[in-house]
Amino acid sequence: MLRGLFSRLGGLGGRKLDEEFLEELEEGLILSDVSVQTSTSLISDLRDAARRGEARDDESARDWLKRRVVEVLGVETEPMRFNPSGLTVWLFIGVNGVGKTTSIGKLAHRLVEEGHKPLLAAGDTFRAAASEQLAEWARRADVPIVAGQQGADPAAVVFDALQAAKSRGRDVVLVDTAGRLHNKSNLMNELAKITRIIEREVGHPPDESLLVIDATTGQNGLHQAHAFAGTAPLTGLILTKWDGTAKGGIVLTVTKETGVPVKLLGVGEKADEICDFDATEWTETMFS
Ligand SMILES: Nc1nc2c(ncn2[C@@H]2O[C@H](COP(=O)(O)OP(=O)(O)OP(=O)(O)O)[C@@H](O)[C@H]2O)c(=O)[nH]1
Ligand SMILES: [Mg+2]
C-alpha cells in the first residue's frame, strides 16, 4: 500500500537539505499524485524555510512538511455531520462507476451498527440496474429503500423517500444519484433539483453533499471536483478504491484546490471496507 515519500527516497539518513534533495522531494510529491502547482509551492516554501535555517536535513524537512501540510493546507479530520434536531440527509454525487452506490451500502451497514435507522433513496433512475444494486445493499443491511420506475423523476423519488423516512421514524436518509457525465447540463440540473427538494422538505441543505472520487484516477478527480462544486455546495469527499493505489497525494490535491475535506476512504468492495479519513495518520504515512 502507501509508501512514504522519504522511505522512497532512500530513508532518513541525515542527508543535507540541498537543492538536489529539494528537487527529488518535489518530484516525489508529484509522483504521489500531489498536483504540480501544490508540489512546487510546498517545495518553494521549504526552500525559504531552509534559507532561514528552519530546516537543515532530511528529518527536519520531513517535520516541516508535515506541519505545513496539516496547518496551512488545511488537511484536517472532519467527521460526518448529523442533524442534531431531526432527519439527517446525506447526498452522494459523482461520475460513473466511482463507487457511490457501494459507499452508500457500506455506510448503511455502519449506521445500523451504530444504532441508527437509515433509509436508502434510489435517486439513480437512469439505469435499470441501479435501483436493483442499491436494493441488494439494502437487503443485506436490512434497511428500507425507496425507489421509482426507471426514468422516473429522481427528485420525486427523493421526496417520497423523505416522506417515508419521516412516517417510519428513520433518522438518516442516504440519497444515491446517477453518475452520467458531469459535462451534461441535465445531470447538474437534476442534482440542483434534488438539493432543492431536500432543502424544502427538511428545512436545510443536505447535512452532507459528498462527492465520490475514484482515488486511482489521480488528477482526474480534481477536474470532477471542480465540475461538481458548482452544482451542490460540497461538504465532503469520499475517496474510493484506496486499496488500489500506492499514491496518497490526491488527498492534498483535492483538499487544497477545492477547500473540501476528505471524510471517508473506501478500502475494498466489502460492506465493512470503509473508514474515516484520519489526517494525522495520512500525514504520517505520506511523509514517513
Ligand atoms: N477495490 C474497491 N472497489 C470499489 C470500492 N468502491 C467501489 N468499488 C467497486 O467499483 C465498482 C463501481 O461501484 P459503484 O458503487 O457501482 O459505483 P457508482 O458510482 O454507483 O456507479 P454508477 O451508478 O454507474 O454511477 C464496483 O465494482 C464496486 O465494487 C473500493 O473502495 N475499493
Ligand atoms: Mg450507482
# chains A, B, ... in the order shown; residues from 1 in each chain; ligands from 1
call {"tool": "closest_atom_pairs", "arguments": {"of": "chain A", "to": "ligand 2", "cutoff": "9 Å", "atoms": "only C-alpha atoms and all ligand atoms", "output": "CSV"}}
result
residue,atom,partner,partner_atom_place_in_ligand_line,distance
A:Asn96,CA,ligand 2,1 (Mg),7.3
A:Gly97,CA,ligand 2,1 (Mg),6.7
A:Val98,CA,ligand 2,1 (Mg),8.2
A:Gly99,CA,ligand 2,1 (Mg),6.7
A:Lys100,CA,ligand 2,1 (Mg),5.4
A:Thr101,CA,ligand 2,1 (Mg),4.2
A:Thr102,CA,ligand 2,1 (Mg),7.2
A:Ala122,CA,ligand 2,1 (Mg),9.0
A:Asp124,CA,ligand 2,1 (Mg),6.9
A:Arg127,CA,ligand 2,1 (Mg),8.7
A:Ala129,CA,ligand 2,1 (Mg),8.8
A:Ala130,CA,ligand 2,1 (Mg),5.6
A:Ser131,CA,ligand 2,1 (Mg),8.2
A:Gln133,CA,ligand 2,1 (Mg),7.5
A:Leu134,CA,ligand 2,1 (Mg),7.5
A:Asp176,CA,ligand 2,1 (Mg),6.9
A:Thr177,CA,ligand 2,1 (Mg),6.9
A:Ala178,CA,ligand 2,1 (Mg),6.4
A:Gly179,CA,ligand 2,1 (Mg),6.8
call {"tool": "closest_atom_pairs", "arguments": {"of": "range 59-112 of chain A", "to": "range 8-19 of chain A", "cutoff": "9 Å", "atoms": "only C-alpha atoms", "output": "CSV"}}
result
residue,atom,partner,partner_atom,distance
A:Glu59,CA,A:Leu12,CA,6.5
A:Ser60,CA,A:Leu17,CA,8.9
A:Ala61,CA,A:Leu17,CA,7.3
call {"tool": "write_last_selection", "arguments": {"atoms": "C-alpha atoms", "output": "compact mmCIF listing (two decimals), in the first residue's frame"}}
result
# COMPACT_ATOMS: atom_id res chain seq x y z
CA GLU A 59 14.50 14.83 9.25
CA SER A 60 13.77 18.50 9.85
CA ALA A 61 12.48 18.82 6.28
call {"tool": "residues_around", "arguments": {"residues": "range 215-227 of chain A", "least_positions_apart": "6", "cutoff": "6 Å", "atoms": "only C-alpha atoms", "output": "ChimeraX atom specification"}}
result
/A:33,239-242,245,254
call {"tool": "closest_residue", "arguments": {"among": "A:Gly123, A:Gly248, A:Gly259, A:Gly203", "to": "ligand 1", "atoms": "only C-alpha atoms and all ligand atoms"}}
result
A:Gly123
call {"tool": "residues_around", "arguments": {"residues": "Lys117 in chain A", "least_positions_apart": "4", "cutoff": "8 Å", "atoms": "only C-alpha atoms", "output": "JSON, numbers by chain"}}
result
{"A": [111, 112, 143, 169, 170, 171, 172]}
call {"tool": "residues_around", "arguments": {"residues": "Lys193 in chain A", "least_positions_apart": "4", "cutoff": "8 Å", "atoms": "only C-alpha atoms", "output": "JSON, numbers by chain"}}
result
{"A": [155, 189, 197]}
call {"tool": "write_last_selection", "arguments": {"atoms": "N, CA, C and O atoms", "output": "PDB file, in the first residue's frame"}}
result
ATOM      1  N   ALA A 155     -36.000  13.553  -8.359  1.00  0.00           N
ATOM      2  CA  ALA A 155     -36.392  14.448  -7.265  1.00  0.00           C
ATOM      3  C   ALA A 155     -37.680  13.952  -6.603  1.00  0.00           C
ATOM      4  O   ALA A 155     -37.853  14.086  -5.384  1.00  0.00           O
ATOM      5  N   ASN A 189     -28.573  19.974 -13.514  1.00  0.00           N
ATOM      6  CA  ASN A 189     -29.912  20.476 -13.188  1.00  0.00           C
ATOM      7  C   ASN A 189     -30.638  19.511 -12.263  1.00  0.00           C
ATOM      8  O   ASN A 189     -31.326  19.924 -11.328  1.00  0.00           O
ATOM      9  N   ILE A 197     -35.317  20.045  -3.293  1.00  0.00           N
ATOM     10  CA  ILE A 197     -36.374  19.230  -2.653  1.00  0.00           C
ATOM     11  C   ILE A 197     -35.972  18.906  -1.211  1.00  0.00           C
ATOM     12  O   ILE A 197     -36.775  19.026  -0.278  1.00  0.00           O
TER      13      ILE A 197
END
call {"tool": "closest_residue", "arguments": {"among": "A:Glu132, A:Glu78, A:Asp153, A:Glu199", "to": "ligand 1", "atoms": "only C-alpha atoms and all ligand atoms"}}
result
A:Glu132
call {"tool": "select_by_dssp", "arguments": {"residues": "range 11-246 of chain A", "states": "strand (DSSP E)", "output": "ChimeraX atom specification"}}
result
/A:88-93,118-123,145-146,172-177,208-214,236-240
call {"tool": "residues_around", "arguments": {"residues": "Leu252 in chain A", "least_positions_apart": "5", "cutoff": "12 Å", "atoms": "only C-alpha atoms", "output": "PyMOL selection string"}}
result
chain A and resi 29-30+32-39+42+66+68-70+72-76+215+218-219+221-222+237+239+247+257-262+279+282-283+286
